[in-house]
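Data block below; observations after.
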Amino acid sequence: SQARSDIVNLISSNPLLAPKFIRMGFHDCVGSCDGCIDLSNADNNGLDIPISALDSIVQKYTVQQSTGLSRADIWALAALTSANISQGSTRVDMPFSWFGRVDCQGSATGGPQRVLPSPDVTTAEILNYFSSNFGFNEEQTVALMGAHTLGASHRQNTGFNGQWVSQNLVLSNSYYQNLVGGSSGLFDSEATMATTSNWTDNLIINSDLSGIPDRWQWEQNGLIMLNADIALVRDFQGQIDSLGKVSCPFVASSSGGPSACPFASVTGIFVAQYKNDNLLWLNDFRDVFSSMLVNGYDTSVSCGDSICQL
């Protein structure tokens, strides 16, 4: 469609918009995909950039032309387009299949208030969040988290500082490769999966930033992971404090000290599976990402009181 072409041109002129559009798609679809994000919520810091970038396209296709698209549709299209054009040599088509999402009342940046996942969740907590809010199971949750392959976290927005992978403009399974060991996926033992390069948690001081708390993040060779990422492979239930400090290490020290956090097998097995099969992950990511982008709508029927299938 012409709207997709306009979005492709926008990303081509500024490739850093692709991860921002994907992040915006997720934040918009918590609760329901309704084309509205509450910018007074600090969890949405930085999303003014992709919202503003798409504003002229939203105006063109929802106001100036009678296309049947809503603002929420344009945002979902931008997220899917970003996922499509960000893939490397291994590619999976991620089509825009549904339109007719209903925009919330009011401005695009005024709400409604939605509870986003904490970055300091345990394995059980992150699974509960995605099950309660999206109906996703363990495998789907792990697949969706791979979106962190793209982009970076900026201290002025989140309090965290860094990127998850080195090639952070390419949508691939490199996120999983940094979390587990082994080369045979589900055929590896849990001990093999748990044996990988160490991550160390470090405190980021944000006292110079208004409204941004200090943060604990895991670091390795210039890359970062949040507690929510580490929770996919380490179960630190009962070993994390209210500030996000985890008391067990990712890998136990050879010179003694506390035992490593246990391997989170309920999710870690899928991390290992995706680490060793980029095509498998891209297919699963397409499915769960597409499901996320119709959250709040009944896709068992097309049109009527629901959204319509292309």
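Following the order of the structure tokens, first chain is A, next is B, and so on, with residues numbered from 1 inside each chain and ligands from 1 in the order they appear.
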
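For stretch 218-231 of chain A, the non-local neighbours within 8 Å, defined as residues at least 3 positions apart in the same chain or in other chains and counting only C-alpha atoms, are Ser118, Pro119, Asp120, Val121, Thr122, Thr123, Ile126, Met145, Asn161, Gly162, Gln163, Trp164, Val165, Ser166, Leu179, Asn198, Trp199, Thr200, Asp201, Asn202, Arg234, Asp235, Phe236, Gly244 and Ala264 of chain A.
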
Generate a file of the selected residues that holds N, CA, C and O atoms, formatted as an mmCIF file, in the first residue's frame.
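The resulting file, out_7.cif, is reproduced below:
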data_model
loop_
_atom_site.group_PDB
_atom_site.id
_atom_site.type_symbol
_atom_site.label_atom_id
_atom_site.label_comp_id
_atom_site.auth_asym_id
_atom_site.auth_seq_id
_atom_site.Cartn_x
_atom_site.Cartn_y
_atom_site.Cartn_z
ATOM 1 N N SER A 118 7.311 -4.272 34.504
ATOM 2 C CA SER A 118 8.498 -3.771 35.187
ATOM 3 C C SER A 118 9.745 -4.382 34.560
ATOM 4 O O SER A 118 9.724 -5.548 34.134
ATOM 5 N N PRO A 119 10.841 -3.640 34.495
ATOM 6 C CA PRO A 119 12.096 -4.242 34.005
ATOM 7 C C PRO A 119 12.718 -5.183 35.030
ATOM 8 O O PRO A 119 13.664 -5.901 34.714
ATOM 9 N N ASP A 120 12.177 -5.180 36.251
ATOM 10 C CA ASP A 120 12.768 -5.954 37.346
ATOM 11 C C ASP A 120 11.894 -7.129 37.752
ATOM 12 O O ASP A 120 11.669 -7.395 38.934
ATOM 13 N N VAL A 121 11.394 -7.861 36.756
ATOM 14 C CA VAL A 121 10.524 -8.998 37.024
ATOM 15 C C VAL A 121 11.325 -10.298 37.088
ATOM 16 O O VAL A 121 12.397 -10.425 36.486
ATOM 17 N N THR A 122 10.769 -11.258 37.811
ATOM 18 C CA THR A 122 11.323 -12.604 37.840
ATOM 19 C C THR A 122 10.725 -13.418 36.688
ATOM 20 O O THR A 122 9.843 -12.946 35.963
ATOM 21 N N THR A 123 11.187 -14.639 36.558
ATOM 22 C CA THR A 123 10.663 -15.521 35.505
ATOM 23 C C THR A 123 9.151 -15.675 35.627
ATOM 24 O O THR A 123 8.413 -15.509 34.646
ATOM 25 N N ILE A 126 7.246 -12.290 34.747
ATOM 26 C CA ILE A 126 7.153 -11.892 33.336
ATOM 27 C C ILE A 126 6.200 -12.801 32.580
ATOM 28 O O ILE A 126 5.433 -12.361 31.715
ATOM 29 N N MET A 145 10.188 -11.397 23.356
ATOM 30 C CA MET A 145 11.285 -10.670 24.000
ATOM 31 C C MET A 145 12.467 -10.466 23.058
ATOM 32 O O MET A 145 13.290 -9.567 23.262
ATOM 33 N N ASN A 161 21.186 2.060 30.209
ATOM 34 C CA ASN A 161 22.050 2.669 29.214
ATOM 35 C C ASN A 161 22.797 1.611 28.418
ATOM 36 O O ASN A 161 23.653 0.911 28.961
ATOM 37 N N GLY A 162 22.452 1.448 27.146
ATOM 38 C CA GLY A 162 23.175 0.528 26.295
ATOM 39 C C GLY A 162 22.258 -0.218 25.344
ATOM 40 O O GLY A 162 21.047 0.009 25.310
ATOM 41 N N GLN A 163 22.842 -1.121 24.593
ATOM 42 C CA GLN A 163 22.096 -1.931 23.635
ATOM 43 C C GLN A 163 22.297 -3.396 23.948
ATOM 44 O O GLN A 163 23.293 -3.801 24.526
ATOM 45 N N TRP A 164 21.316 -4.208 23.527
ATOM 46 C CA TRP A 164 21.308 -5.628 23.860
ATOM 47 C C TRP A 164 22.267 -6.442 22.998
ATOM 48 O O TRP A 164 22.805 -7.446 23.447
ATOM 49 N N VAL A 165 22.426 -6.041 21.741
ATOM 50 C CA VAL A 165 23.286 -6.775 20.810
ATOM 51 C C VAL A 165 24.141 -5.775 20.044
ATOM 52 O O VAL A 165 23.831 -4.573 20.002
ATOM 53 N N SER A 166 25.206 -6.261 19.427
ATOM 54 C CA SER A 166 26.120 -5.352 18.732
ATOM 55 C C SER A 166 25.499 -4.802 17.444
ATOM 56 O O SER A 166 25.599 -3.613 17.163
ATOM 57 N N LEU A 179 22.618 -15.245 25.693
ATOM 58 C CA LEU A 179 22.008 -15.650 26.965
ATOM 59 C C LEU A 179 22.251 -17.103 27.351
ATOM 60 O O LEU A 179 22.185 -17.436 28.541
ATOM 61 N N ASN A 198 29.709 -14.815 31.192
ATOM 62 C CA ASN A 198 29.103 -14.229 32.383
ATOM 63 C C ASN A 198 28.508 -12.847 32.110
ATOM 64 O O ASN A 198 28.991 -12.097 31.269
ATOM 65 N N TRP A 199 27.446 -12.569 32.808
ATOM 66 C CA TRP A 199 26.876 -11.223 32.885
ATOM 67 C C TRP A 199 27.046 -10.732 34.319
ATOM 68 O O TRP A 199 26.796 -11.479 35.259
ATOM 69 N N THR A 200 27.452 -9.485 34.492
ATOM 70 C CA THR A 200 27.600 -8.914 35.833
ATOM 71 C C THR A 200 26.635 -7.755 35.993
ATOM 72 O O THR A 200 26.452 -6.958 35.065
ATOM 73 N N ASP A 201 26.007 -7.655 37.157
ATOM 74 C CA ASP A 201 25.050 -6.562 37.359
ATOM 75 C C ASP A 201 25.760 -5.347 37.940
ATOM 76 O O ASP A 201 26.593 -5.446 38.836
ATOM 77 N N ASN A 202 25.417 -4.199 37.374
ATOM 78 C CA ASN A 202 26.042 -2.935 37.750
ATOM 79 C C ASN A 202 24.977 -1.878 37.976
ATOM 80 O O ASN A 202 23.930 -1.866 37.316
ATOM 81 N N ARG A 234 17.546 -17.257 34.013
ATOM 82 C CA ARG A 234 17.913 -17.403 35.408
ATOM 83 C C ARG A 234 16.683 -17.130 36.280
ATOM 84 O O ARG A 234 15.989 -16.126 36.092
ATOM 85 N N ASP A 235 16.450 -18.030 37.224
ATOM 86 C CA ASP A 235 15.316 -17.885 38.141
ATOM 87 C C ASP A 235 15.826 -17.301 39.454
ATOM 88 O O ASP A 235 16.397 -18.006 40.273
ATOM 89 N N PHE A 236 15.624 -15.981 39.639
ATOM 90 C CA PHE A 236 16.096 -15.335 40.859
ATOM 91 C C PHE A 236 14.937 -14.965 41.788
ATOM 92 O O PHE A 236 14.984 -13.979 42.518
ATOM 93 N N GLY A 244 15.827 -3.716 42.407
ATOM 94 C CA GLY A 244 16.227 -4.480 41.241
ATOM 95 C C GLY A 244 17.583 -5.141 41.356
ATOM 96 O O GLY A 244 18.094 -5.687 40.371
ATOM 97 N N ALA A 264 16.576 -21.057 34.519
ATOM 98 C CA ALA A 264 15.122 -20.970 34.381
ATOM 99 C C ALA A 264 14.685 -21.854 33.221
ATOM 100 O O ALA A 264 14.518 -21.400 32.085
#

Backbone DSSP call of strand (DSSP E) for stretch 28-243 of chain A, listed as a PDB file with C-alpha atoms, in the first residue's frame:
ATOM      1  CA  TRP A  98      -5.982  -6.666   9.944  1.00  0.00           C
ATOM      2  CA  PHE A  99      -7.372  -3.122   9.852  1.00  0.00           C
ATOM      3  CA  ALA A 152      18.944   0.532  22.613  1.00  0.00           C
ATOM      4  CA  SER A 153      17.891   1.808  25.999  1.00  0.00           C
ATOM      5  CA  GLY A 162      23.175   0.528  26.295  1.00  0.00           C
ATOM      6  CA  GLN A 163      22.096  -1.931  23.635  1.00  0.00           C
ATOM      7  CA  THR A 200      27.600  -8.914  35.833  1.00  0.00           C
ATOM      8  CA  ASP A 201      25.050  -6.562  37.359  1.00  0.00           C
ATOM      9  CA  ASN A 202      26.042  -2.935  37.750  1.00  0.00           C
ATOM     10  CA  LEU A 203      24.318   0.078  39.254  1.00  0.00           C
ATOM     11  CA  ILE A 204      23.487   3.025  37.000  1.00  0.00           C
ATOM     12  CA  ARG A 215      18.870   1.134  37.847  1.00  0.00           C
ATOM     13  CA  TRP A 216      20.608  -2.218  38.071  1.00  0.00           C
ATOM     14  CA  GLN A 217      21.511  -3.615  34.676  1.00  0.00           C
ATOM     15  CA  TRP A 218      23.538  -6.643  33.587  1.00  0.00           C
ATOM     16  CA  GLU A 219      26.599  -5.967  31.420  1.00  0.00           C
ATOM     17  CA  GLN A 220      28.908  -7.999  29.204  1.00  0.00           C
ATOM     18  CA  LEU A 223      26.209  -4.908  25.935  1.00  0.00           C
ATOM     19  CA  ILE A 224      23.353  -4.904  28.451  1.00  0.00           C
ATOM     20  CA  MET A 225      20.477  -7.019  29.652  1.00  0.00           C
TER      21      MET A 225
END

*asked:* Under the rule that only C-alpha atoms are counted, which of A:Phe263, A:Phe250, A:Phe289, A:Tyr175 is the nearest residue to A:Val233?
replied: A:Phe263

_For A:Gln239: contacts at 10 Å, only C-alpha atoms, fewer than 6 positions along chain excluded, given as number ranges by chain_ = A: 122, 245-248, 261

*Close residues, A:Asp287 itself excluded, 10 Å, only C-alpha atoms, min 3 positions apart in chain, as a ChimeraX atom specification*: /A:94,140,143-144,281-284,290-292

Save out the residues we just selected, all heavy atoms, as a CSV table (one decimal), in the first residue's frame.
chain,number,residue,atom,x,y,z
A,94,MET,N,6.2,-10.5,7.2
A,94,MET,CA,5.3,-10.2,8.3
A,94,MET,C,4.2,-9.3,7.8
A,94,MET,O,4.4,-8.1,7.8
A,94,MET,CB,6.1,-9.6,9.5
A,94,MET,CG,7.2,-10.5,10.0
A,94,MET,SD,8.0,-9.9,11.5
A,94,MET,CE,9.4,-11.1,11.6
A,140,GLN,N,5.7,-18.2,23.5
A,140,GLN,CA,5.4,-16.9,22.8
A,140,GLN,C,6.1,-15.7,23.6
A,140,GLN,O,6.5,-14.8,22.9
A,140,GLN,CB,3.9,-16.7,22.8
A,140,GLN,CG,3.1,-17.7,21.9
A,140,GLN,CD,1.6,-17.6,22.1
A,140,GLN,OE1,1.1,-17.7,23.2
A,140,GLN,NE2,0.9,-17.4,21.0
A,143,ALA,N,9.7,-15.6,22.6
A,143,ALA,CA,9.8,-15.2,21.2
A,143,ALA,C,9.6,-13.7,21.1
A,143,ALA,O,10.4,-13.0,20.3
A,143,ALA,CB,8.8,-15.9,20.3
A,144,LEU,N,8.7,-13.1,21.8
A,144,LEU,CA,8.4,-11.7,21.7
A,144,LEU,C,9.6,-10.9,22.3
A,144,LEU,O,9.9,-9.8,21.8
A,144,LEU,CB,7.1,-11.3,22.4
A,144,LEU,CG,6.7,-9.9,22.3
A,144,LEU,CD1,6.4,-9.5,20.8
A,144,LEU,CD2,5.4,-9.6,23.1
A,281,TRP,N,13.0,-18.8,15.0
A,281,TRP,CA,12.6,-17.6,15.8
A,281,TRP,C,11.8,-16.6,15.0
A,281,TRP,O,10.8,-16.1,15.4
A,281,TRP,CB,13.8,-17.0,16.4
A,281,TRP,CG,13.4,-15.7,17.1
A,281,TRP,CD1,12.6,-15.6,18.2
A,281,TRP,CD2,13.6,-14.4,16.7
A,281,TRP,NE1,12.3,-14.3,18.5
A,281,TRP,CE2,12.9,-13.5,17.6
A,281,TRP,CE3,14.3,-13.8,15.6
A,281,TRP,CZ2,13.0,-12.1,17.5
A,281,TRP,CZ3,14.4,-12.4,15.5
A,281,TRP,CH2,13.7,-11.6,16.4
A,282,LEU,N,12.3,-16.3,13.8
A,282,LEU,CA,11.6,-15.3,13.0
A,282,LEU,C,10.2,-15.7,12.7
A,282,LEU,O,9.2,-14.8,12.7
A,282,LEU,CB,12.3,-15.1,11.6
A,282,LEU,CG,13.6,-14.2,11.7
A,282,LEU,CD1,14.4,-14.3,10.4
A,282,LEU,CD2,13.3,-12.8,12.1
A,283,ASN,N,9.9,-16.9,12.4
A,283,ASN,CA,8.6,-17.4,12.2
A,283,ASN,C,7.7,-17.3,13.5
A,283,ASN,O,6.6,-16.8,13.4
A,283,ASN,CB,8.6,-18.9,11.7
A,283,ASN,CG,8.7,-19.0,10.2
A,283,ASN,OD1,7.9,-18.6,9.4
A,283,ASN,ND2,9.9,-19.5,9.8
A,284,ASP,N,8.3,-17.7,14.6
A,284,ASP,CA,7.5,-17.6,15.9
A,284,ASP,C,7.3,-16.1,16.3
A,284,ASP,O,6.3,-15.7,16.8
A,284,ASP,CB,8.3,-18.3,17.0
A,284,ASP,CG,8.1,-19.8,16.8
A,284,ASP,OD1,7.4,-20.3,15.9
A,284,ASP,OD2,8.7,-20.6,17.6
A,290,SER,N,2.4,-10.4,15.5
A,290,SER,CA,1.1,-10.2,14.8
A,290,SER,C,-0.1,-10.3,15.7
A,290,SER,O,-1.0,-9.5,15.7
A,290,SER,CB,0.9,-11.1,13.6
A,290,SER,OG,1.9,-10.9,12.6
A,291,SER,N,0.0,-11.3,16.6
A,291,SER,CA,-1.1,-11.4,17.6
A,291,SER,C,-1.1,-10.3,18.6
A,291,SER,O,-2.2,-9.8,19.0
A,291,SER,CB,-0.9,-12.7,18.4
A,291,SER,OG,-1.1,-13.9,17.6
A,292,MET,N,0.1,-9.8,19.0
A,292,MET,CA,0.1,-8.6,19.9
A,292,MET,C,-0.5,-7.4,19.3
A,292,MET,O,-1.2,-6.7,19.9
A,292,MET,CB,1.6,-8.3,20.2
A,292,MET,CG,1.8,-7.2,21.1
A,292,MET,SD,3.5,-6.6,21.0
A,292,MET,CE,3.4,-5.5,19.6

Determine, for each residue of stretch 88-112 of chain A having at least one atom at most 8 Å from an atom of stretch 23-36 of chain A, the closest pair of atoms and their separation in Å to one decimal, counting only C-alpha atoms; order by chain and ascending number, as a Markdown table.
| residue | atom | partner | partner_atom | distance |
| --- | --- | --- | --- | --- |
| A:Arg101 | CA | A:Asp34 | CA | 6.5 |
| A:Val102 | CA | A:Asp34 | CA | 5.6 |
| A:Asp103 | CA | A:Asp34 | CA | 4.5 |
| A:Cys104 | CA | A:Asp34 | CA | 5.4 |
| A:Ser107 | CA | A:Cys36 | CA | 6.9 |
| A:Ala108 | CA | A:Cys36 | CA | 4.3 |
| A:Thr109 | CA | A:Cys36 | CA | 5.8 |
| A:Gly110 | CA | A:Cys36 | CA | 6.8 |
| A:Gly111 | CA | A:Cys36 | CA | 5.7 |
| A:Pro112 | CA | A:Cys36 | CA | 6.8 |

Please, could you write that set of residues out with all heavy atoms as a compact mmCIF listing (two decimals), in the first residue's frame?
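As written to disk, part-v9.txt reads:
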# COMPACT_ATOMS: atom_id res chain seq x y z
N ARG A 101 -8.75 -1.08 13.61
CA ARG A 101 -8.55 -0.84 15.04
C ARG A 101 -9.18 0.50 15.40
O ARG A 101 -9.17 1.44 14.61
CB ARG A 101 -7.05 -0.84 15.37
CG ARG A 101 -6.35 -2.18 15.13
CD ARG A 101 -4.84 -2.03 15.13
NE ARG A 101 -4.17 -3.29 14.83
CZ ARG A 101 -3.94 -3.76 13.61
NH1 ARG A 101 -4.37 -3.06 12.56
NH2 ARG A 101 -3.33 -4.91 13.43
N VAL A 102 -9.71 0.60 16.59
CA VAL A 102 -10.45 1.79 17.00
C VAL A 102 -9.57 2.68 17.86
O VAL A 102 -9.04 2.24 18.89
CB VAL A 102 -11.73 1.40 17.78
CG1 VAL A 102 -12.48 2.66 18.22
CG2 VAL A 102 -12.62 0.51 16.91
N ASP A 103 -9.41 3.93 17.44
CA ASP A 103 -8.63 4.88 18.23
C ASP A 103 -9.37 5.27 19.50
O ASP A 103 -10.60 5.37 19.51
CB ASP A 103 -8.35 6.15 17.42
CG ASP A 103 -7.46 5.89 16.21
OD1 ASP A 103 -6.72 4.89 16.23
OD2 ASP A 103 -7.51 6.71 15.26
N CYS A 104 -8.61 5.49 20.56
CA CYS A 104 -9.23 5.94 21.80
C CYS A 104 -9.71 7.37 21.65
O CYS A 104 -9.34 8.08 20.71
CB CYS A 104 -8.24 5.83 22.96
SG CYS A 104 -7.00 7.14 22.98
N SER A 107 -6.41 12.71 22.44
CA SER A 107 -5.18 12.83 21.65
C SER A 107 -4.38 11.54 21.67
O SER A 107 -4.57 10.67 22.53
CB SER A 107 -4.32 13.97 22.20
OG SER A 107 -3.74 13.61 23.44
N ALA A 108 -3.45 11.47 20.75
CA ALA A 108 -2.60 10.28 20.65
C ALA A 108 -1.67 10.13 21.84
O ALA A 108 -1.18 9.03 22.12
CB ALA A 108 -1.77 10.35 19.37
N THR A 109 -1.41 11.22 22.55
CA THR A 109 -0.41 11.18 23.62
C THR A 109 -1.02 11.36 25.01
O THR A 109 -0.30 11.55 25.98
CB THR A 109 0.64 12.28 23.40
OG1 THR A 109 -0.01 13.57 23.39
CG2 THR A 109 1.37 12.08 22.09
N GLY A 110 -2.36 11.27 25.10
CA GLY A 110 -3.01 11.57 26.37
C GLY A 110 -3.52 10.38 27.15
O GLY A 110 -4.25 10.54 28.12
N GLY A 111 -3.18 9.19 26.75
CA GLY A 111 -3.67 8.06 27.52
C GLY A 111 -4.28 7.00 26.62
O GLY A 111 -4.11 7.06 25.40
N PRO A 112 -5.00 6.04 27.17
CA PRO A 112 -5.31 5.86 28.58
C PRO A 112 -4.12 5.31 29.37
O PRO A 112 -3.12 4.89 28.78
CB PRO A 112 -6.45 4.83 28.55
CG PRO A 112 -6.16 4.03 27.32
CD PRO A 112 -5.60 5.00 26.32

_If I take atom CA of A:Ile7 and atom CA of A:Phe285, how far is one from the other in Å, to one decimal?_
20.9 Å

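Nearest residue to A:Asn137 among A:Pro117, A:Val251, A:Phe270, A:Gly181 is A:Phe270, counting only C-alpha atoms.
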
*Mind checking which residues fall within 12 Å of stretch 52-59 of chain A, counting only C-alpha atoms, ignoring those fewer than 2 positions away in the same chain, and posting them as a ChimeraX atom specification?*
/A:2-11,13-14,16-18,20-21,24,35,46-50,61-79,103,107-109

Can I get the selection written as a short mmCIF file (atom, residue, chain, number, x, y, z; two decimals), in the first residue's frame, with N, CA and C atoms?
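Wrote out02.cif, looks like this:
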data_model
loop_
_atom_site.label_atom_id
_atom_site.label_comp_id
_atom_site.auth_asym_id
_atom_site.auth_seq_id
_atom_site.Cartn_x
_atom_site.Cartn_y
_atom_site.Cartn_z
N GLN A 2 0.26 2.38 -0.34
CA GLN A 2 1.00 3.63 -0.35
C GLN A 2 1.43 4.02 1.05
N ALA A 3 0.59 3.72 2.04
CA ALA A 3 0.96 4.04 3.43
C ALA A 3 2.23 3.29 3.83
N ARG A 4 2.31 2.03 3.45
CA ARG A 4 3.52 1.25 3.75
C ARG A 4 4.74 1.86 3.06
N SER A 5 4.59 2.26 1.82
CA SER A 5 5.70 2.88 1.09
C SER A 5 6.16 4.15 1.78
N ASP A 6 5.22 4.94 2.26
CA ASP A 6 5.59 6.17 2.97
C ASP A 6 6.36 5.85 4.24
N ILE A 7 5.97 4.79 4.93
CA ILE A 7 6.66 4.39 6.16
C ILE A 7 8.06 3.88 5.82
N VAL A 8 8.19 3.09 4.76
CA VAL A 8 9.51 2.60 4.32
C VAL A 8 10.43 3.78 4.02
N ASN A 9 9.91 4.78 3.32
CA ASN A 9 10.73 5.96 3.00
C ASN A 9 11.14 6.70 4.26
N LEU A 10 10.25 6.75 5.22
CA LEU A 10 10.55 7.42 6.49
C LEU A 10 11.69 6.71 7.22
N ILE A 11 11.62 5.39 7.27
CA ILE A 11 12.65 4.61 7.95
C ILE A 11 13.96 4.67 7.17
N SER A 13 15.11 7.11 5.57
CA SER A 13 15.74 8.40 5.86
C SER A 13 16.28 8.47 7.28
N ASN A 14 15.77 7.61 8.18
CA ASN A 14 16.23 7.56 9.56
C ASN A 14 16.04 6.15 10.10
N LEU A 16 17.01 4.64 12.61
CA LEU A 16 16.79 4.51 14.05
C LEU A 16 15.31 4.53 14.42
N LEU A 17 14.45 4.90 13.46
CA LEU A 17 13.02 4.90 13.73
C LEU A 17 12.45 3.48 13.80
N ALA A 18 13.07 2.52 13.12
CA ALA A 18 12.51 1.16 13.08
C ALA A 18 12.34 0.56 14.48
N LYS A 20 12.13 2.10 17.23
CA LYS A 20 11.19 2.95 17.97
C LYS A 20 9.74 2.63 17.59
N PHE A 21 9.50 2.35 16.31
CA PHE A 21 8.15 1.98 15.88
C PHE A 21 7.74 0.63 16.50
N MET A 24 6.90 1.28 20.10
CA MET A 24 5.63 1.98 20.17
C MET A 24 4.47 1.01 19.94
N GLY A 35 -4.11 3.28 19.38
CA GLY A 35 -3.53 4.50 18.84
C GLY A 35 -3.34 5.60 19.85
N GLY A 46 10.28 8.87 25.54
CA GLY A 46 10.93 8.69 24.25
C GLY A 46 9.99 8.33 23.12
N LEU A 47 8.76 7.95 23.43
CA LEU A 47 7.83 7.56 22.38
C LEU A 47 7.22 8.76 21.66
N ASP A 48 7.48 9.96 22.15
CA ASP A 48 7.05 11.14 21.41
C ASP A 48 7.73 11.20 20.04
N ILE A 49 8.93 10.62 19.94
CA ILE A 49 9.67 10.68 18.67
C ILE A 49 8.97 9.87 17.57
N PRO A 50 8.67 8.58 17.77
CA PRO A 50 7.97 7.86 16.70
C PRO A 50 6.56 8.36 16.46
N TYR A 61 -3.62 9.52 5.77
CA TYR A 61 -4.42 8.34 5.49
C TYR A 61 -5.64 8.16 6.39
N THR A 62 -5.77 8.98 7.41
CA THR A 62 -6.96 8.89 8.26
C THR A 62 -7.85 10.11 8.15
N VAL A 63 -7.31 11.24 7.71
CA VAL A 63 -8.09 12.48 7.64
C VAL A 63 -8.24 12.94 6.20
N GLN A 64 -7.11 13.11 5.49
CA GLN A 64 -7.15 13.67 4.15
C GLN A 64 -7.70 12.69 3.12
N GLN A 65 -7.49 11.38 3.36
CA GLN A 65 -8.01 10.36 2.46
C GLN A 65 -8.91 9.40 3.22
N SER A 66 -9.93 8.91 2.56
CA SER A 66 -10.84 7.95 3.19
C SER A 66 -10.36 6.54 2.89
N THR A 67 -9.46 6.04 3.73
CA THR A 67 -8.83 4.74 3.49
C THR A 67 -9.41 3.65 4.38
N GLY A 68 -10.14 4.01 5.44
CA GLY A 68 -10.61 3.03 6.40
C GLY A 68 -9.59 2.69 7.45
N LEU A 69 -8.41 3.33 7.38
CA LEU A 69 -7.36 3.09 8.36
C LEU A 69 -7.50 4.07 9.53
N SER A 70 -7.20 3.60 10.70
CA SER A 70 -7.17 4.44 11.89
C SER A 70 -5.73 4.76 12.26
N ARG A 71 -5.56 5.64 13.23
CA ARG A 71 -4.20 5.91 13.73
C ARG A 71 -3.58 4.63 14.28
N ALA A 72 -4.36 3.85 15.01
CA ALA A 72 -3.86 2.60 15.56
C ALA A 72 -3.42 1.65 14.44
N ASP A 73 -4.14 1.65 13.32
CA ASP A 73 -3.74 0.83 12.17
C ASP A 73 -2.39 1.28 11.62
N ILE A 74 -2.22 2.59 11.49
CA ILE A 74 -0.96 3.13 10.97
C ILE A 74 0.19 2.76 11.89
N TRP A 75 -0.03 2.84 13.20
CA TRP A 75 1.03 2.49 14.15
C TRP A 75 1.38 1.00 14.03
N ALA A 76 0.37 0.16 13.90
CA ALA A 76 0.61 -1.28 13.74
C ALA A 76 1.34 -1.56 12.43
N LEU A 77 0.94 -0.87 11.37
CA LEU A 77 1.60 -1.02 10.08
C LEU A 77 3.06 -0.60 10.17
N ALA A 78 3.34 0.48 10.90
CA ALA A 78 4.71 0.94 11.07
C ALA A 78 5.54 -0.09 11.82
N ALA A 79 4.96 -0.73 12.83
CA ALA A 79 5.67 -1.75 13.60
C ALA A 79 5.99 -2.95 12.72
N ASP A 103 -9.41 3.93 17.44
CA ASP A 103 -8.63 4.88 18.23
C ASP A 103 -9.37 5.27 19.50
N SER A 107 -6.41 12.71 22.44
CA SER A 107 -5.18 12.83 21.65
C SER A 107 -4.38 11.54 21.67
N ALA A 108 -3.45 11.47 20.75
CA ALA A 108 -2.60 10.28 20.65
C ALA A 108 -1.67 10.13 21.84
N THR A 109 -1.41 11.22 22.55
CA THR A 109 -0.41 11.18 23.62
C THR A 109 -1.02 11.36 25.01
#

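Counting only C-alpha atoms, the residue from A:Ser86, A:Pro15, A:Ile37, A:Asp188 that sits nearest to A:Arg114 is A:Ile37.
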
*Which value, in Å to one decimal, gives the distance between atom CA of A:Ile307 and atom CA of A:Thr141?*
24.2 Å

*All helix (DSSP H, G or I) positions in stretch 17-251 of chain A, as an NGL selection string*: :A and (17-29 or 42-44 or 48-64 or 71-85 or 123-134 or 138-149 or 155-158 or 174-177 or 185-187 or 190-194 or 227-230)
